[in-house]
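K.L.:
Let me give you the structure first, and then I'll get to my questions.
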Amino acid sequence: MSDADENCREILLEIDSKFRNIQQIEEGSDTLFRLKDADGKKLIAKFRTLETLEKTWFEKEPLILNELNDTTDIPVPEIYEYSLSSETTYFMMNEMPGQLMSEDEEDLSDEEVLNLLEKLGHSLAEIHSVELEIEDRFGWIVNKKGSLHLEEEKNWPEMFESLINQRID
């Protein structure tokens with residue numbers, strides 16, 4: 001376990017010394033831990049430790065999950081706690097039941113794949129129907145002081161150019 005991973009484990013115990021069964025999850029972005037709280041509730045803690053992931057992207061994730069949880073029927077993890085301003089940025093969410101599609105993709109029939117794609121399409125439509133306090137403006141969703149806002153762009157070509165330039169940089 002790296003020093004960064006050990007630091008994350010220590011932060012978990014500082015948050016609540018009653019956390020138990022703390023196990024690091026090897027796959028995924030950043031540093032992930034599976035754990036249980038004092039009531040036996042299964043949680044996932046996600047720490048921003050990868051420098052390649054922009055902090056602003058990481059910071060939006062718990063806010064967007066909260067918004068989706070509050071405004072849609074899409075099953076998303078409930079956020080229990082997050083810290084976006086500390087030296088070690090993290091959030092904690094409940095562990096969702098299910099399994100990764102990548103574990104079963106070779107075993108799925110064509111009909112099952114089409115069914116999953118249809119459900120995905122309905123979920124995307126529901127996500128795109130969520131009304132944030134953004135109205136008819138155009139741009140990037142950003143985190144400002146713990147809430148979602150829009151960083152406006154003038155038009156689609158400028159936004160696309162900005163996206164490409166970020167990737168090139």
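Residue numbering restarts at 1 for every chain of the structure tokens, chains are lettered A, B, ... in their displayed order, and ligands are numbered from 1 as they appear.
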Near range 28-41 of chain A, counting only C-alpha atoms, which residues have an atom at most 12 Å away, once you skip same-chain residues fewer than 2 positions from it, shown as a ChimeraX atom specification?
P.N.:
/A:1-13,15-26,43-55,58,78,80,88-96,100
K.L.:
Can you pull out every residue from range 29-106 of chain A that DSSP, working from the backbone, puts in alpha helix (DSSP H), and format the result as a PyMOL selection string?
P.N.:
chain A and resi 55-71+101-104
K.L.:
Go ahead and dump the residues you just picked, C-alpha atoms, as a PDB file, in the first residue's frame.
P.N.:
```pdb
ATOM      1  CA  LYS A  55      -9.865  18.267  -9.329  1.00  0.00           C
ATOM      2  CA  THR A  56     -12.833  20.144 -10.772  1.00  0.00           C
ATOM      3  CA  TRP A  57     -14.146  16.932 -12.391  1.00  0.00           C
ATOM      4  CA  PHE A  58     -13.779  14.988  -9.141  1.00  0.00           C
ATOM      5  CA  GLU A  59     -15.484  17.741  -7.124  1.00  0.00           C
ATOM      6  CA  LYS A  60     -18.571  17.710  -9.352  1.00  0.00           C
ATOM      7  CA  GLU A  61     -19.214  13.986  -8.973  1.00  0.00           C
ATOM      8  CA  PRO A  62     -20.845  13.982  -5.498  1.00  0.00           C
ATOM      9  CA  LEU A  63     -22.855  17.111  -6.329  1.00  0.00           C
ATOM     10  CA  ILE A  64     -24.181  15.599  -9.562  1.00  0.00           C
ATOM     11  CA  LEU A  65     -24.977  12.284  -7.816  1.00  0.00           C
ATOM     12  CA  ASN A  66     -26.927  14.219  -5.153  1.00  0.00           C
ATOM     13  CA  GLU A  67     -28.837  16.129  -7.849  1.00  0.00           C
ATOM     14  CA  LEU A  68     -29.698  12.919  -9.739  1.00  0.00           C
ATOM     15  CA  ASN A  69     -30.724  11.210  -6.504  1.00  0.00           C
ATOM     16  CA  ASP A  70     -33.022  14.134  -5.612  1.00  0.00           C
ATOM     17  CA  THR A  71     -34.623  14.672  -9.025  1.00  0.00           C
ATOM     18  CA  MET A 101     -21.317  -5.162 -17.169  1.00  0.00           C
ATOM     19  CA  SER A 102     -17.711  -5.864 -18.095  1.00  0.00           C
ATOM     20  CA  GLU A 103     -17.867  -8.988 -15.913  1.00  0.00           C
ATOM     21  CA  ASP A 104     -20.750 -10.438 -17.950  1.00  0.00           C
TER      22      ASP A 104
END
```
K.L.:
Between CA of Thr72 in chain A and CA of Val130 in chain A, what distance in Å does the model show, to one decimal?
P.N.:
7.6 Å
K.L.:
May I ask for the distance between CA of Ser123 in chain A and CA of Val76 in chain A, given in Å to one decimal place?
P.N.:
10.9 Å
